[in-house]
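Enquirer: Contents of my_file_9.txt (compact mmCIF, C-alpha atoms and all ligand atoms):
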# COMPACT_ATOMS: atom_id res chain seq x y z
CA ARG A 2 42.85 -14.02 11.26
CA LYS A 3 44.77 -15.31 14.23
CA GLY A 4 48.10 -13.96 15.43
CA ALA A 5 49.43 -10.45 16.00
CA GLY A 6 47.08 -10.09 18.97
CA VAL A 7 44.06 -8.66 17.18
CA ARG A 8 41.34 -10.42 15.22
CA HIS A 9 39.81 -9.07 12.03
CA PHE A 10 36.82 -10.20 9.91
CA LEU A 11 37.89 -9.66 6.32
CA ARG A 12 36.56 -12.90 4.80
CA ASP A 13 34.01 -15.48 5.91
CA ASP A 14 36.75 -17.99 6.70
CA ASP A 15 38.32 -15.65 9.26
CA LEU A 16 35.94 -17.38 11.73
CA SER A 17 36.39 -21.11 12.36
CA PRO A 18 33.20 -23.24 12.35
CA GLU A 19 33.12 -23.10 16.17
CA GLU A 20 33.64 -19.34 16.24
CA GLN A 21 31.01 -18.71 13.56
CA ALA A 22 28.54 -20.73 15.66
CA GLN A 23 29.50 -18.70 18.77
CA VAL A 24 28.81 -15.45 16.93
CA LEU A 25 25.47 -16.77 15.65
CA ASP A 26 24.46 -17.98 19.14
CA LEU A 27 25.32 -14.53 20.43
CA ALA A 28 23.32 -12.90 17.63
CA GLU A 29 20.28 -14.96 18.65
CA ALA A 30 20.69 -13.99 22.30
CA MET A 31 21.26 -10.33 21.44
CA LYS A 32 18.14 -10.26 19.24
CA LYS A 33 16.12 -11.39 22.29
CA ASP A 34 17.81 -8.90 24.64
CA ARG A 35 18.55 -6.12 22.21
CA PHE A 36 19.76 -3.45 24.64
CA GLY A 37 21.40 -5.78 27.17
CA TYR A 38 24.93 -5.97 25.74
CA ARG A 39 27.13 -2.88 26.12
CA PRO A 40 30.77 -3.68 25.22
CA PHE A 41 31.33 -0.13 23.94
CA GLU A 42 29.82 1.64 26.99
CA GLY A 43 31.95 4.63 27.80
CA PRO A 44 31.33 5.34 25.00
CA ARG A 45 33.89 3.96 22.59
CA THR A 46 33.78 4.92 18.92
CA VAL A 47 33.60 2.63 15.90
CA ALA A 48 34.63 4.08 12.51
CA VAL A 49 32.29 3.01 9.71
CA LEU A 50 33.76 3.97 6.32
CA PHE A 51 32.11 3.83 2.91
CA ASP A 52 33.81 3.97 -0.49
CA LYS A 53 30.57 2.70 -2.12
CA PRO A 54 26.85 3.41 -1.56
CA SER A 55 24.90 1.61 1.18
CA THR A 56 21.53 1.64 2.91
CA ARG A 57 21.37 -1.51 5.07
CA THR A 58 25.02 -1.66 6.07
CA ARG A 59 25.12 2.02 6.99
CA VAL A 60 21.93 1.81 9.05
CA SER A 61 22.69 -1.50 10.76
CA PHE A 62 26.22 -0.54 11.84
CA THR A 63 25.12 2.92 12.96
CA VAL A 64 22.20 1.58 14.99
CA GLY A 65 24.18 -1.44 16.17
CA VAL A 66 27.18 0.47 17.53
CA ALA A 67 24.83 2.84 19.39
CA GLU A 68 22.95 -0.13 20.89
CA LEU A 69 26.29 -1.60 22.08
CA GLY A 70 26.80 1.59 24.10
CA GLY A 71 29.23 3.11 21.61
CA GLN A 72 29.30 5.92 19.14
CA PRO A 73 29.44 5.35 15.37
CA LEU A 74 31.59 7.64 13.26
CA VAL A 75 30.32 7.26 9.70
CA MET A 76 32.55 8.65 6.94
CA ASP A 77 32.41 8.60 3.16
CA LEU A 78 35.51 8.39 1.00
CA GLY A 79 34.66 11.69 -0.65
CA THR A 80 34.63 13.60 2.63
CA SER A 81 37.82 12.12 4.06
CA GLN A 82 41.49 12.61 3.15
CA MET A 83 41.53 9.04 1.81
CA GLY A 84 39.48 10.41 -1.07
CA ARG A 85 42.39 12.76 -1.81
CA GLY A 86 44.93 9.96 -1.78
CA GLU A 87 46.06 9.59 1.83
CA PRO A 88 47.49 6.06 2.11
CA ILE A 89 45.33 3.34 3.65
CA GLU A 90 48.23 2.45 5.95
CA ASP A 91 48.37 5.96 7.43
CA THR A 92 44.59 6.06 7.84
CA ALA A 93 44.74 2.74 9.71
CA ARG A 94 47.42 4.05 12.07
CA VAL A 95 45.51 7.26 12.82
CA LEU A 96 42.11 5.61 13.29
CA SER A 97 43.32 2.74 15.42
CA ARG A 98 44.86 5.16 17.98
CA GLN A 99 41.32 6.43 18.67
CA VAL A 100 38.55 3.99 17.74
CA ALA A 101 37.55 0.53 19.03
CA ALA A 102 37.05 -0.99 15.57
CA ILE A 103 37.12 -0.07 11.89
CA VAL A 104 34.32 -1.17 9.57
CA TRP A 105 34.95 -0.53 5.87
CA ARG A 106 33.11 -0.98 2.58
CA THR A 107 35.57 -0.68 -0.28
CA ALA A 108 36.50 -2.12 -3.69
CA GLY A 109 39.50 -4.46 -3.80
CA GLN A 110 40.07 -6.99 -1.02
CA GLU A 111 43.72 -5.92 -0.96
CA ARG A 112 42.60 -2.52 0.35
CA ILE A 113 40.93 -3.97 3.45
CA GLU A 114 43.86 -6.37 3.91
CA ALA A 115 46.17 -3.30 3.95
CA MET A 116 43.93 -1.57 6.51
CA ALA A 117 43.99 -4.64 8.76
CA ALA A 118 47.74 -5.07 8.41
CA HIS A 119 48.30 -1.59 9.87
CA SER A 120 45.46 -1.48 12.39
CA SER A 121 45.80 -2.33 16.06
CA VAL A 122 42.00 -2.65 16.40
CA PRO A 123 39.65 -5.16 14.67
CA VAL A 124 38.86 -4.41 11.03
CA VAL A 125 35.53 -5.65 9.63
CA ASN A 126 34.72 -6.10 5.93
CA ALA A 127 31.43 -4.33 5.17
CA LEU A 128 31.66 -5.51 1.51
CA THR A 129 34.47 -5.65 -0.97
CA ASP A 130 34.40 -6.66 -4.63
CA GLU A 131 35.38 -10.17 -3.49
CA PHE A 132 33.43 -10.83 -0.25
CA HIS A 133 30.43 -9.68 1.83
CA PRO A 134 30.95 -11.71 5.03
CA CYS A 135 28.70 -9.68 7.37
CA GLN A 136 25.79 -10.35 5.03
CA ILE A 137 26.39 -14.09 5.23
CA LEU A 138 26.33 -14.00 9.05
CA ALA A 139 22.89 -12.35 8.82
CA ASP A 140 21.80 -14.91 6.23
CA LEU A 141 22.92 -17.79 8.46
CA GLN A 142 21.03 -16.29 11.39
CA THR A 143 17.94 -16.11 9.16
CA ILE A 144 18.39 -19.72 8.05
CA ARG A 145 18.70 -20.82 11.71
CA GLU A 146 15.46 -18.99 12.56
CA HIS A 147 13.43 -20.46 9.70
CA LYS A 148 15.03 -23.88 9.09
CA GLY A 149 17.01 -24.74 12.24
CA SER A 150 20.69 -25.65 12.03
CA PRO A 151 22.21 -24.88 8.62
CA ARG A 152 24.40 -27.98 8.87
CA GLY A 153 23.50 -30.41 6.07
CA LEU A 154 21.06 -28.05 4.34
CA THR A 155 21.48 -27.20 0.65
CA LEU A 156 21.78 -23.55 -0.36
CA ALA A 157 21.44 -22.75 -4.06
CA TYR A 158 22.68 -19.37 -5.25
CA LEU A 159 21.75 -18.26 -8.77
CA GLY A 160 23.25 -15.47 -10.84
CA ASP A 161 26.71 -13.92 -10.80
CA GLY A 162 28.83 -16.74 -9.43
CA ALA A 163 31.96 -14.58 -9.38
CA ASN A 164 30.69 -11.74 -7.18
CA ASN A 165 31.09 -11.00 -3.48
CA MET A 166 27.85 -12.74 -2.43
CA ALA A 167 28.63 -15.97 -4.30
CA HIS A 168 32.12 -16.09 -2.82
CA SER A 169 30.86 -15.40 0.70
CA TYR A 170 28.11 -18.05 0.42
CA LEU A 171 30.82 -20.53 -0.59
CA LEU A 172 33.14 -19.74 2.33
CA GLY A 173 30.53 -18.90 4.99
CA GLY A 174 28.12 -21.67 3.96
CA ALA A 175 30.89 -24.28 3.93
CA THR A 176 32.00 -23.06 7.38
CA ALA A 177 28.43 -23.66 8.59
CA GLY A 178 28.46 -27.21 7.13
CA MET A 179 26.06 -26.45 4.27
CA HIS A 180 25.98 -27.87 0.76
CA VAL A 181 26.47 -24.75 -1.37
CA ARG A 182 25.52 -24.93 -5.03
CA ILE A 183 26.31 -22.03 -7.32
CA GLY A 184 24.29 -21.81 -10.55
CA ALA A 185 25.99 -19.38 -12.93
CA PRO A 186 26.77 -19.09 -16.63
CA VAL A 187 30.20 -20.00 -17.97
CA GLY A 188 32.33 -16.87 -17.66
CA TYR A 189 30.65 -15.95 -14.34
CA LEU A 190 31.67 -18.97 -12.28
CA PRO A 191 33.36 -18.51 -8.88
CA ASP A 192 37.04 -17.73 -8.51
CA ALA A 193 38.95 -21.02 -8.50
CA SER A 194 40.90 -20.19 -5.34
CA VAL A 195 37.67 -19.45 -3.43
CA MET A 196 36.14 -22.75 -4.65
CA GLU A 197 39.26 -24.57 -3.52
CA ARG A 198 39.29 -22.96 -0.07
CA ALA A 199 35.53 -23.55 0.37
CA ALA A 200 35.94 -27.23 -0.61
CA GLU A 201 38.71 -27.58 1.98
CA ILE A 202 36.47 -26.08 4.69
CA ALA A 203 33.49 -28.21 3.58
CA ALA A 204 35.59 -31.38 3.81
CA ALA A 205 36.06 -30.63 7.53
CA THR A 206 32.47 -29.53 8.32
CA GLY A 207 30.55 -32.18 6.34
CA GLY A 208 29.33 -29.70 3.74
CA SER A 209 30.12 -29.48 0.04
CA VAL A 210 30.50 -26.92 -2.73
CA THR A 211 29.61 -27.19 -6.41
CA ALA A 212 29.26 -24.80 -9.32
CA VAL A 213 27.04 -25.67 -12.30
CA SER A 214 25.69 -23.77 -15.28
CA ASP A 215 22.24 -25.38 -15.28
CA PRO A 216 19.94 -23.24 -13.08
CA GLU A 217 17.42 -26.07 -12.67
CA ALA A 218 20.09 -28.51 -11.48
CA ALA A 219 21.37 -25.88 -9.05
CA VAL A 220 17.97 -25.33 -7.45
CA ALA A 221 16.66 -28.93 -7.40
CA GLY A 222 15.65 -29.88 -3.84
CA ALA A 223 17.41 -26.88 -2.24
CA HIS A 224 16.32 -25.75 1.23
CA VAL A 225 17.50 -22.18 0.67
CA VAL A 226 17.40 -20.34 -2.66
CA ALA A 227 19.43 -17.14 -2.85
CA THR A 228 20.22 -14.57 -5.49
CA ASP A 229 21.76 -11.13 -5.85
CA THR A 230 21.90 -8.30 -8.36
CA TRP A 231 23.32 -9.17 -11.76
CA VAL A 232 25.22 -5.87 -11.84
CA SER A 233 27.22 -5.21 -8.69
CA MET A 234 28.47 -1.81 -7.62
CA GLY A 235 31.39 -0.78 -9.81
CA GLN A 236 30.68 -3.32 -12.59
CA ASP A 237 30.32 -2.30 -16.25
CA GLY A 238 28.49 -3.98 -19.12
CA LYS A 239 24.96 -3.94 -17.73
CA ASP A 240 23.21 -5.02 -20.98
CA GLU A 241 25.65 -7.84 -21.60
CA ARG A 242 25.22 -9.08 -18.04
CA ILE A 243 21.44 -8.98 -18.16
CA ALA A 244 21.53 -11.04 -21.36
CA ALA A 245 23.97 -13.58 -19.87
CA PHE A 246 21.90 -14.12 -16.71
CA ALA A 247 18.39 -14.14 -18.26
CA SER A 248 17.69 -17.84 -17.57
CA TYR A 249 18.88 -17.52 -13.93
CA GLN A 250 16.00 -15.32 -12.74
CA VAL A 251 14.41 -16.80 -9.59
CA THR A 252 10.85 -17.35 -10.83
CA THR A 253 7.98 -19.30 -9.24
CA ALA A 254 8.64 -22.06 -11.80
CA LEU A 255 12.31 -22.35 -10.83
CA LEU A 256 11.51 -22.11 -7.11
CA GLY A 257 9.00 -24.95 -7.66
CA LEU A 258 11.97 -27.28 -8.24
CA ALA A 259 13.40 -26.52 -4.78
CA ASP A 260 12.23 -28.17 -1.56
CA PRO A 261 8.55 -27.22 -1.05
CA ASP A 262 9.47 -25.52 2.25
CA ALA A 263 12.47 -23.67 0.78
CA ILE A 264 13.09 -20.11 1.89
CA VAL A 265 14.23 -17.35 -0.46
CA LEU A 266 17.05 -14.96 0.42
CA HIS A 267 18.19 -11.76 -1.28
CA CYS A 268 20.72 -9.43 0.35
CA LEU A 269 18.96 -6.40 -1.24
CA PRO A 270 18.71 -4.04 -3.01
CA ALA A 271 16.59 -6.21 -5.35
CA TYR A 272 15.76 -5.59 -8.99
CA ARG A 273 12.35 -7.18 -9.53
CA GLY A 274 11.98 -8.68 -12.99
CA LEU A 275 15.74 -9.18 -13.33
CA GLU A 276 17.43 -11.52 -10.83
CA ILE A 277 14.15 -12.22 -9.01
CA ALA A 278 10.46 -12.18 -10.02
CA ALA A 279 8.26 -9.80 -8.02
CA ASP A 280 5.90 -12.60 -6.97
CA VAL A 281 8.83 -14.55 -5.49
CA ILE A 282 10.46 -11.76 -3.47
CA ASP A 283 7.05 -10.51 -2.34
CA GLY A 284 5.70 -14.06 -1.91
CA PRO A 285 5.28 -16.45 1.05
CA GLN A 286 8.68 -18.17 0.79
CA SER A 287 10.63 -14.92 0.89
CA VAL A 288 12.28 -14.03 4.22
CA VAL A 289 14.21 -11.02 2.95
CA TRP A 290 12.91 -8.57 5.57
CA ASP A 291 14.02 -10.84 8.43
CA GLN A 292 17.32 -11.18 6.59
CA ALA A 293 17.71 -7.38 6.37
CA GLU A 294 16.87 -6.97 10.08
CA ASN A 295 19.36 -9.65 11.04
CA ARG A 296 22.20 -7.52 9.68
CA LEU A 297 21.76 -5.53 12.89
CA HIS A 298 21.86 -8.48 15.28
CA ALA A 299 24.57 -10.47 13.49
CA GLN A 300 26.93 -7.48 13.21
CA LYS A 301 26.34 -6.45 16.84
CA ALA A 302 27.26 -10.00 17.82
CA LEU A 303 30.36 -9.93 15.61
CA LEU A 304 31.54 -6.60 17.08
CA HIS A 305 30.83 -7.85 20.61
CA TRP A 306 32.71 -11.08 19.91
CA LEU A 307 35.70 -9.27 18.37
CA ALA A 308 35.80 -6.83 21.29
CA THR A 309 35.70 -9.57 23.94
CA ARG A 310 36.15 -13.25 23.19
CA GLY A 311 37.98 -12.64 19.92
CA ALA A 312 40.65 -10.68 21.74
CA GLU A 313 40.95 -13.31 24.50
CA GLY A 314 41.38 -16.13 22.00
CA SER A 315 44.06 -14.44 19.91
N1 LIG A 401 22.80 -5.86 1.53
C1 LIG A 401 23.53 -4.74 1.68
O1 LIG A 401 24.71 -4.77 1.98
O2 LIG A 401 22.83 -3.59 1.46
P1 LIG A 401 23.42 -2.12 1.35
O3 LIG A 401 24.24 -2.04 0.09
O4 LIG A 401 22.20 -1.23 1.30
O5 LIG A 401 24.26 -1.82 2.56
N1 LIG A 402 26.80 -7.85 -5.14
C1 LIG A 402 26.21 -6.60 -4.71
C2 LIG A 402 25.82 -6.66 -3.27
C3 LIG A 402 25.13 -5.42 -2.76
C4 LIG A 402 24.83 -5.47 -1.29
C5 LIG A 402 27.18 -5.46 -4.97
O1 LIG A 402 28.38 -5.63 -4.70
O2 LIG A 402 26.74 -4.42 -5.47
How does this structure look as structure tokens?

Expert:
Amino acid sequence: RKGAGVRHFLRDDDLSPEEQAQVLDLAEAMKKDRFGYRPFEGPRTVAVLFDKPSTRTRVSFTVGVAELGGQPLVMDLGTSQMGRGEPIEDTARVLSRQVAAIVWRTAGQERIEAMAAHSSVPVVNALTDEFHPCQILADLQTIREHKGSPRGLTLAYLGDGANNMAHSYLLGGATAGMHVRIGAPVGYLPDASVMERAAEIAAATGGSVTAVSDPEAAVAGAHVVATDTWVSMGQDGKDERIAAFASYQVTTALLGLADPDAIVLHCLPAYRGLEIAADVIDGPQSVVWDQAENRLHAQKALLHWLATRGAEGS
């Protein structure tokens, strides 16, 4: 968000199309010269806070901050005073007097908005119930590596169309000029305000966004096929969800309807036999391990950008 002198990354559309491309160019350069960028030399500290479990996000931010010359301070809700009810606003004020940036995985988007509103250093969304924008930067880097520019490519996402990944594909994919198709059952379609915002972005970048309930129509001819767990962290009703999403599993038959050179993405952790068949995620079209590695490079680039060019441009 622009203004107030400091930039945050709370949603995918907090970066303009030009800025998203700058971050992705930087991610590519930083992947080639992994230890050559040291914006946090000194060292400066980055707080990395978790209210929910994590493997990839915890590892990639910890490793990434260290590689930028800084020191990661990883905290869990349960071991901080926030877990005992200290207000987010007070936590933001205390942390931002000492750290260079705050990275937070939490539940409601309003929580990270409150952190950003009271922080004088950049705040980065490491997943909320509504968005997972760092993941989409890594996914776009992966698409660039395997398919070239994402502009004009079709990305089909199957499964829970109302979760953080679906919403971030809509906003981040539209920002990158992609045609984003969500295939989800009625009752699990994307939030209308996110669809509206993504359509507005797509109108400016040459992309498009659609949501359909026919999984075959969603996947037809797609260059990128993505999915995610049917039961996100904090969600109830596992059996009901599994029943609702049964025909949205990414199988070899469904993938056969996509472009023959389509790549398969999954943010992980994956549940083989539910949202994705084992022979697809472990098969030749899957690029999920590159995607997981790119969390490191994309987030380092984002932190570097926020610490340097982001601040200059504000
Ligand atoms: N994809 C992702 O965010 O993984 P973690 O939950 O393990 O961090
Ligand atoms: N939608 C999933 C993503 C996990 C990285 C969740 O929120 O649990």

Enquirer: Give me the residues within 10 Å of range 44-47 of chain A as a ChimeraX atom specification, counting all atoms listed in the file and dropping any in the same chain fewer than 6 places off.

Expert: /A:62-63,66-67,69-75,96-97,99-104,122-123,304

Enquirer: Could you work out an axis-aligned bounding box for all listed atoms of ligand LIG 401 (chain A), with 5 Å added on each of the six sides, and give its centre and edge lengths in Å to one decimal, as JSON?

Expert:
{"center_x": 23.5, "center_y": -3.5, "center_z": 1.3, "size_x": 12.5, "size_y": 14.6, "size_z": 12.5}

Enquirer: In file coordinates, which residues lie within 12 Å of (22.6, 1.8, 1.5) using only C-alpha atoms, given as a list in words?

Expert: Phe51, Asp52, Lys53, Pro54, Ser55, Thr56, Arg57, Thr58, Arg59, Val60, Ser61, Phe62, Thr63, Arg106, Ala127, Leu128, Met234, Cys268, Leu269, Pro270 and Ala293 of chain A

Enquirer: Between A:Ala163, A:Leu141, A:Ala157, A:Ala193, single out the one closest to Ala28 in chain A, counting all atoms listed in the file.

Expert: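 Among the listed residues, the smallest separation from Ala28 in chain A belongs to A:Leu141.
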
Enquirer: Can you work out the spacing between CA of Ala185 in chain A and CA of Ser214 in chain A in Å, to one decimal?

Expert: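 Between CA of Ala185 in chain A and CA of Ser214 in chain A the gap works out to 5.0 Å.
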
Enquirer: Find, counting only C-alpha atoms, the residue in A:Arg182, A:Leu190, A:Asp140, A:Ala199 that gets nearest to Trp290 in chain A.

Expert: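 Looking only at the distances to Trp290 in chain A, the closest residue turns out to be A:Asp140.
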
Enquirer: Pick out the residues sitting within 12 Å of Pro186 in chain A, and hand them over as a list in words; count all atoms listed in the file, and ignore anything fewer than 3 positions along from it in its own chain.

Expert: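 In the requested form, the answer reads Leu159, Gly160, Asp161, Gly162, Ala163, Ile183, Tyr189, Leu190, Pro191, Ala212, Val213, Ser214, Asp215, Pro216, Ala219, Trp231, Arg242, Ile243, Ala244, Ala245, Phe246, Ala247, Ser248 and Tyr249 of chain A.
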
Enquirer: Using all atoms listed in the file, which residues sit within 8 Å of range 299-303 of chain A once same-chain residues fewer than 2 positions away are excluded, as a PyMOL selection string?

Expert: chain A and resi 24-25+27-28+31+61-62+65-66+69+135+138-139+142+295-297+305-307

Enquirer: Calculated over only C-alpha atoms, which of the candidates A:Ala22, A:Asp14, A:Val49, A:Glu68 has the smallest distance to Gly37 in chain A?

Expert: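 Using only C-alpha atoms, the shortest distance to Gly37 in chain A belongs to A:Glu68.
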
Enquirer: Determine, counting all atoms listed in the file, every residue of protein, DNA or RNA that lies within 7 Å of (16.6, -23.6, -5.1) in the file coordinates, then give the result as a PyMOL selection string.

Expert: chain A and resi 157+219-226+256+258-259

Enquirer: At what distance in Å, to one decimal, does CA of Ile282 in chain A lie from CA of Tyr170 in chain A?

Expert: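 Computed distance, CA of Tyr170 in chain A to CA of Ile282 in chain A, equals 19.1 Å.
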
Enquirer: Calculate how many Å separate CA of Gln250 in chain A from CA of Asp280 in chain A, rounding to one decimal.

Expert: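 Taking CA of Gln250 in chain A as the start and CA of Asp280 in chain A as the end point, the length is 11.9 Å.
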
Enquirer: Nearest to ligand LIG 402 (chain A): which of A:Pro151, A:Gly174, A:Gly188, A:Gly235 is it, counting only C-alpha atoms and all ligand atoms?

Expert: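 Closest candidate: A:Gly235.
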
Enquirer: I'd like the contact shell of Ala205 in chain A - 12 Å cut-off, all atoms listed in the file, skipping same-chain residues fewer than 4 positions apart - returned as a VMD selection string.

Expert: chain A and resid 17 to 19 175 to 179 198 to 201 209

Enquirer: Determine the nearest neighbour of ligand LIG 402 (chain A) from the options A:Val125, A:Ile137, A:Val251, A:Ala308, counting all atoms listed in the file.

Expert: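 Selected residue with least distance to ligand LIG 402 (chain A): A:Ile137.
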